[in-house]
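Visitor: Starting off with a structure, shown below.
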There are 2 protein chains.
Amino acid sequence: MKIDLLTDPAGMVPYCTDWRGRFTGQPIAIAFPKSTAEVHAVVRACRAHRIPIVTQGGNTGLSGGATPDSSASQLLLNLSKLNHIRSIDLENATITVEAGATLEQVQQQAKARGLLFPVDLTARGSATIGGLLATNAGGTAVIRYGNARRQCLGLEVVTASGEIWSGLRGLRKDNTGYDLRDLYIGSEGTLGVITAAVLALEPAPKGLCTAWVEVETISKAIALLQETKQQLGSLLTAFELMSPTALAPVLEYFPEQAGPLRNERFSKNTPLQSGPYFVLIESSSQVSQAHAQEGLEQSLAKGLEQELVLDASTAQSLAQAESFWHLREQITMAAAEDGPQIKLDVALPISRIDDFCKEMSQALEQALPGVRLSNFGHLGDGNLHFNLAAPKEWLTGLPRIERHAKAKGFVEEHEPSLRRLVHDAVMSRGGSISAEHGLGQLRRDEAAHYKSPVELALMRSIKQALDPMGLFNPGKVL
Amino acid sequence: MKIDLLTDPAGMVPYCTDWRGRFTGQPIAIAFPKSTAEVHAVVRACRAHRIPIVTQGGNTGLSGGATPDSSASQLLLNLSKLNHIRSIDLENATITVEAGATLEQVQQQAKARGLLFPVDLTARGSATIGGLLATNAGGTAVIRYGNARRQCLGLEVVTASGEIWSGLRGLRKDNTGYDLRDLYIGSEGTLGVITAAVLALEPAPKGLCTAWVEVETISKAIALLQETKQQLGSLLTAFELMSPTALAPVLEYFPEQAGPLRNERFSKNTPLQSGPYFVLIESSSQVSQAHAQEGLEQSLAKGLEQELVLDASTAQSLAQAESFWHLREQITMAAAEDGPQIKLDVALPISRIDDFCKEMSQALEQALPGVRLSNFGHLGDGNLHFNLAAPKEWLTGLPRIERHAKAKGFVEEHEPSLRRLVHDAVMSRGGSISAEHGLGQLRRDEAAHYKSPVELALMRSIKQALDPMGLFNPGKVL
């Protein structure tokens with residue numbers, strides 16, 4: 001067995017920094033196994049020599065979970081070449097894929113057969129199935145289809161004992177003992193290496209309706225969410241909130257992407273300074289286009305009637321629907337033009353979101369006048385990407401490189417205190433400090449700060465039980 | 001603190017035998033705690049004195065998981081008095097309930113507020129939320145809403161270390177470490193005591209359509225399932241299969257319950273000897289009655305056209321729909337009139353069900369001529385209750401008590417070999433020997449026989465990590 005191995009420091013560079021550029025490490029080497037047998041051999045060799053293993057998929061994670069430390073003592077196990085589609089069972093509506101297959105690959109395989117793999121997120125072209133499962137990724141369709149966990153029926157894992165657990169079952173029901181599958185899912189590479197998975201596919205929708213909606217406040221957006229859930233039930237497949245400050249950088253840096261914002265309400269000179277909130281709603285039906293449209297149009301009509309909605313338009317073509325989504329997906333890239341931000345990924349009970357946002361907008365302004373809250377995300381799941389950017393006046397007029405240095409300084413100086421301020425408010429409302437991005441190395445200490453000693457002890461005893469040597473991804477999660 | 005305790009042997013009797021009457025045990029005493037604090041105190045006391053704890057909810061489990069052994073050395077911890085609804089958050093669509101609340105209680109609380117708790121099964125009036133979660137119960141709506149696990153957002157658990165883990169989060173998303181929740185769910189009381197849960201509620205359906213369908217063969221039932229899934233997507237909320245032999249005892253013993261079977265096709269004299277299979281299909285829509293009806297009628301029309309369906313009728317009233325369901329729900333009670341059966345609860349990839357059933361009907365007849373296969377269950381999930389009854393001619397003409405003795409003898413003599421025959425066929429097709437009933441004590445050894453050493457070792461290391469003293473439910477699952 002000859003496993004592809006990269007040891008040249010220059011060649012390793014692209015794999016050693018996380019997607020956001022926040023963490024950089026230095027492994028001994030990078031292994032690129034092409035089969036489960038090769039992963040198995042690597043794990044056994046590392047185990048024998050006590051070399052810690054950091055598993056990496058598409059390297060699109062946002063919490064540094066797939067970046068090695070800088071000790072040059074860890075092996076980076078990149079699974080991008082372990083990427084075969086092993087089989088598709090149409091009658092069972094399942095696909096068995098290797099961990100390095102990308103999300104887009106799986107989506108396309110399903111689509112070509114009239115089926116749907118419903119997990120979706122912007123990094124679909126690079127993000128791998130292994131990474132999506134290791135982090136229990138979320139995305140835009142969680143309100144209807146759940147996180148990545150829900151679409152996974154079975155796993156194949158190389159364990160810390162150097163064995164292969166063959167749990168590749170394509171079953172909707174199996175109550176024969178402890179839920180090992182869900183334990184590996186979301187464990188961010190700290191308990192074993194996911195090498196393959198059986199994923200459930202859904203019937204493809206026959207109809208789709210996408211609406212771009214303006215609302216005055218978050219509280220009205222939440223009332224509209226309730227109305228839409230009542231009207232649409234399982235036809236509601238996305239409910240995304242965007243604050244004006246989240247969209248402003250898109251208008252500023254990518255004005256050609258403005259899509260639904262290209263109207264008189266948003267002149268170039270006053271791009272969303274204090275404007276309304278925006279909501280992207282998608283309904284889809286496996287029965288018909290009429291089903292998808294009817295319910296959504298009814299709830300928007302009700303929303304207008306009840307003065308929850310300022311304005312709403314439904315996409316008249318697939319291209320227009322895509323332009324709505326494109327605007328939503330550009331938020332992160334546009335924000336990056338202003339340099340680093342303090343990135344938070346919080347979840348709250350939906351009933352606590354409004355008072356949380358109200359408290360935060362005051363408290364943040366008080367803590368650092370001018371700080372910009374870019375608040376957007378999956379309102380339907382109670383999940384907000386609650387990002388904080390340096391005050392605009394700190395950056396205005398500066399060339400890109402200086403803007404970024406200034407923004408970096410802002411993060412370094414203010415992250416600890418502002419993050420604590422937001423997370424305290426989240427936790428006091430029964431929320432979560434990581435809704436879908438995981439802990440990795442970015443939020444490990446923050447989680448340890450907030451979790452109860454009982455919960456931490458339970459997690460540690462599981463780590464100890466399944467990876468007693470601490471072979472997998474040390475320094476992450478726990 | 002004064003905890004209700006039962007020690008009188010006569011008083012304890014009703015709690016010491018499982019629902020099916022297959023297992024009987026003898027505890028030291030039965031504790032009836034009324035609060036988490038009382039559970040906590042009981043666990044600490046048992047821990048101090050090394051007294052094993054068997055937790056019991058409504059005692060409706062089918063695998064003997066909640067029945068103590070006969071050593072008179074275990075404490076039976078009955079949670080039926082720990083049954084408060086702690087809170088309901090309408091905006092978040094969640095309910096926080098204690099473990100002893102019944103399924104029906106929770107369904108009613110949801111219904112009174114225009115919401116739905118979608119887990120449903122025949123034992124709803126007695127089965128408790130704690131028991132449903134401990135066994136990850138299934139039921140009739142899994143095809144749309146998943147097992148009990150999927151509706152559970154958070155847990156409160158008294159752990160084996162004698163502490164309370166407060167994981168009562170009402171969040172749709174939370175990626176902050178190992179999935180403790182799903183580990184306790186389905187662990188059948190062997191890792192801790194679930195004392196409360198946060199459950200997700202769904203919008204109540206505005207329309208419902210129930211159909212009773214005759215099909216010639218299982219393979220046609222599966223083709224109809226595919227057609228119905230394509231047509232209905234998420235509106236498909238039940239797809240139940242019933243073999244003629246499963247329905248025959250209902251016609252024999254409860255003829256007044258025959259409901260949709262009350263027609264010329266089934267005379268009293270030839271009740272389903274070799275007749276067709278039956279399918280109960282339910283669609284429901286949160287948008288409208290028309291939505292629920294349209295898709296189902298379309299797929300039935302297509303089914304007739306493609307000669308998948310022999311005959312179909314949709315319920316014209318709620319009462320008629322209930323009579324369809326009633327017939328389905330009477331199968332187990334009617335079968336019990338003939339005395340004990342060999343009860344199997346298997347899951348298969350849907351693509352393997354037809355050849356499995358074909359092989360089994362031959363192999364069983366060969367193994368024991370005349371043995372009656374009562375095959376029914378949740379075809380939409382790939383889950384069949386594959387029960388084997390003594391040949392009818394062994395029982396005909398016998399009074400009830402002798403019939404039962406004869407049937408009991410049949411089970412005792414033939415269970416080991418016939419069960420092995422069926423389970424071998426299930427496992428060779430990537431199936432499961434317990435789809436929704438769990439392992440308990442009934443299927444523990446069977447699971448150990450089929451699971452790989454790797455998987456068993458992983459399960460044992462988790463048990464060792466979370467319950468090192470073996471305090472909880474020894475002899476079950478592992």
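For the structure tokens, the naming scheme is as follows: chains receive sequential letters (A, B, ...) according to their order of presentation, residues are indexed from 1 within each chain, and ligands are indexed from 1 in presentation order.
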Taking 3 positions as the minimum chain separation for residues in the same chain, which residues sit within 10 Å of Ile331 in chain B when counting only C-alpha atoms? Answer as a ChimeraX atom specification.
Guide: /B:242,245-251,254,326-328,334-336,374,376
Visitor: For the selection you just gave me, I'd like the residues written to a file as a short mmCIF file (atom, residue, chain, number, x, y, z; two decimals), in the first residue's frame, keeping N, CA and C atoms.
Guide:
data_model
loop_
_atom_site.label_atom_id
_atom_site.label_comp_id
_atom_site.auth_asym_id
_atom_site.auth_seq_id
_atom_site.Cartn_x
_atom_site.Cartn_y
_atom_site.Cartn_z
N MET B 242 -50.68 -4.40 5.81
CA MET B 242 -51.25 -5.49 6.61
C MET B 242 -51.42 -6.72 5.73
N THR B 245 -53.13 -12.55 6.76
CA THR B 245 -53.04 -13.33 8.01
C THR B 245 -52.98 -12.44 9.25
N ALA B 246 -52.55 -11.19 9.08
CA ALA B 246 -52.55 -10.27 10.22
C ALA B 246 -53.97 -9.81 10.52
N LEU B 247 -54.79 -9.68 9.48
CA LEU B 247 -56.16 -9.19 9.69
C LEU B 247 -57.14 -10.31 10.03
N ALA B 248 -56.82 -11.54 9.64
CA ALA B 248 -57.76 -12.64 9.86
C ALA B 248 -58.22 -12.75 11.32
N PRO B 249 -57.31 -12.66 12.31
CA PRO B 249 -57.78 -12.76 13.70
C PRO B 249 -58.73 -11.62 14.10
N VAL B 250 -58.58 -10.46 13.49
CA VAL B 250 -59.51 -9.37 13.81
C VAL B 250 -60.91 -9.76 13.34
N LEU B 251 -60.99 -10.27 12.12
CA LEU B 251 -62.29 -10.70 11.60
C LEU B 251 -62.86 -11.85 12.42
N PHE B 254 -62.96 -10.16 16.57
CA PHE B 254 -63.65 -8.87 16.73
C PHE B 254 -64.37 -8.51 15.43
N HIS B 326 -58.66 1.93 13.35
CA HIS B 326 -59.02 1.02 14.42
C HIS B 326 -58.71 -0.42 14.01
N LEU B 327 -59.04 -0.74 12.79
CA LEU B 327 -58.77 -2.09 12.28
C LEU B 327 -57.27 -2.38 12.35
N ARG B 328 -56.47 -1.40 11.91
CA ARG B 328 -55.01 -1.56 11.98
C ARG B 328 -54.54 -1.76 13.42
N ALA B 334 -56.14 -8.73 18.66
CA ALA B 334 -56.82 -9.90 18.08
C ALA B 334 -55.88 -11.10 18.04
N ALA B 335 -54.62 -10.83 17.68
CA ALA B 335 -53.65 -11.92 17.62
C ALA B 335 -53.48 -12.56 18.99
N ALA B 336 -53.56 -11.72 20.04
CA ALA B 336 -53.38 -12.22 21.40
C ALA B 336 -54.46 -13.23 21.77
N SER B 374 -47.83 -13.45 10.34
CA SER B 374 -48.64 -12.24 10.44
C SER B 374 -47.70 -11.06 10.21
N PHE B 376 -47.14 -7.25 9.20
CA PHE B 376 -47.79 -5.94 9.08
C PHE B 376 -46.84 -4.89 9.63
#
Visitor: Quick one: residues within 9 Å of range 42-54 of chain A, only C-alpha atoms counted, chain neighbours fewer than 6 positions away excluded, as a count of residues only?
Guide: 29
Visitor: Can you work out which one of A:Phe386, A:Trp394, A:Phe410, A:Tyr145 has the shortest atom-to-atom distance to chain B, counting only C-alpha atoms?
Guide: A:Tyr145
Visitor: For chain B against chain A, which residues fall within 6 Å using only C-alpha atoms, given as an MDAnalysis selection string?
Guide: chainID B and resid 91:92 165 170:176 178:179 183 187 203 230:233 286:287 349:351 381 432 434:436 438:439 454 461 465
Visitor: In Å, rounded to a single decimal, give me how far CA of Thr102 in chain A is from CA of Gly57 in chain A.
Guide: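 Computing the Euclidean distance for CA of Gly57 in chain A and CA of Thr102 in chain A yields 8.8 Å.
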Visitor: Could you jot down the CA of Asp18 in chain B to CA of Ala407 in chain B separation for me, Å, one decimal place?
Guide: 18.4 Å
Visitor: Could you pull out the residues in range 348-454 of chain A that DSSP calls helix (DSSP H, G or I) from the backbone, as a ChimeraX atom specification?
Guide: /A:350-367,379-381,392-395,400-428,444-450,453-454
Visitor: Give me the residues near Asp338 in chain A as a PDB file with C-alpha atoms, in the first residue's frame, where near means some atom within 10 Å (using only C-alpha atoms) and where sequence neighbours in that chain fewer than 2 positions away do not count.
Guide:
ATOM      1  CA  PRO A 249     -21.485  45.712   2.253  1.00  0.00           C
ATOM      2  CA  TYR A 253     -18.695  46.249  -2.816  1.00  0.00           C
ATOM      3  CA  MET A 333     -17.896  37.577   0.933  1.00  0.00           C
ATOM      4  CA  ALA A 334     -18.903  41.230   0.934  1.00  0.00           C
ATOM      5  CA  ALA A 335     -18.297  41.556   4.659  1.00  0.00           C
ATOM      6  CA  ALA A 336     -14.801  40.146   4.130  1.00  0.00           C
ATOM      7  CA  PRO A 340     -12.105  40.478   9.743  1.00  0.00           C
ATOM      8  CA  GLN A 341     -15.176  40.579  11.954  1.00  0.00           C
ATOM      9  CA  ALA A 389     -17.660  44.732  12.452  1.00  0.00           C
ATOM     10  CA  ALA A 390     -15.454  47.700  13.279  1.00  0.00           C
ATOM     11  CA  LYS A 392     -17.476  52.224   9.610  1.00  0.00           C
ATOM     12  CA  LEU A 395     -12.334  52.275   7.880  1.00  0.00           C
ATOM     13  CA  THR A 396     -13.766  54.882   5.536  1.00  0.00           C
ATOM     14  CA  ARG A 400      -8.013  47.748   1.365  1.00  0.00           C
ATOM     15  CA  ILE A 401      -4.834  46.629   3.085  1.00  0.00           C
ATOM     16  CA  GLU A 402      -5.041  49.265   5.802  1.00  0.00           C
ATOM     17  CA  ARG A 403      -8.753  48.690   6.216  1.00  0.00           C
ATOM     18  CA  HIS A 404      -8.028  45.041   6.896  1.00  0.00           C
ATOM     19  CA  ALA A 405      -5.253  45.817   9.373  1.00  0.00           C
ATOM     20  CA  LYS A 406      -7.578  48.171  11.200  1.00  0.00           C
ATOM     21  CA  ALA A 407     -10.356  45.572  11.245  1.00  0.00           C
ATOM     22  CA  LYS A 408      -7.925  42.937  12.488  1.00  0.00           C
TER      23      LYS A 408
END
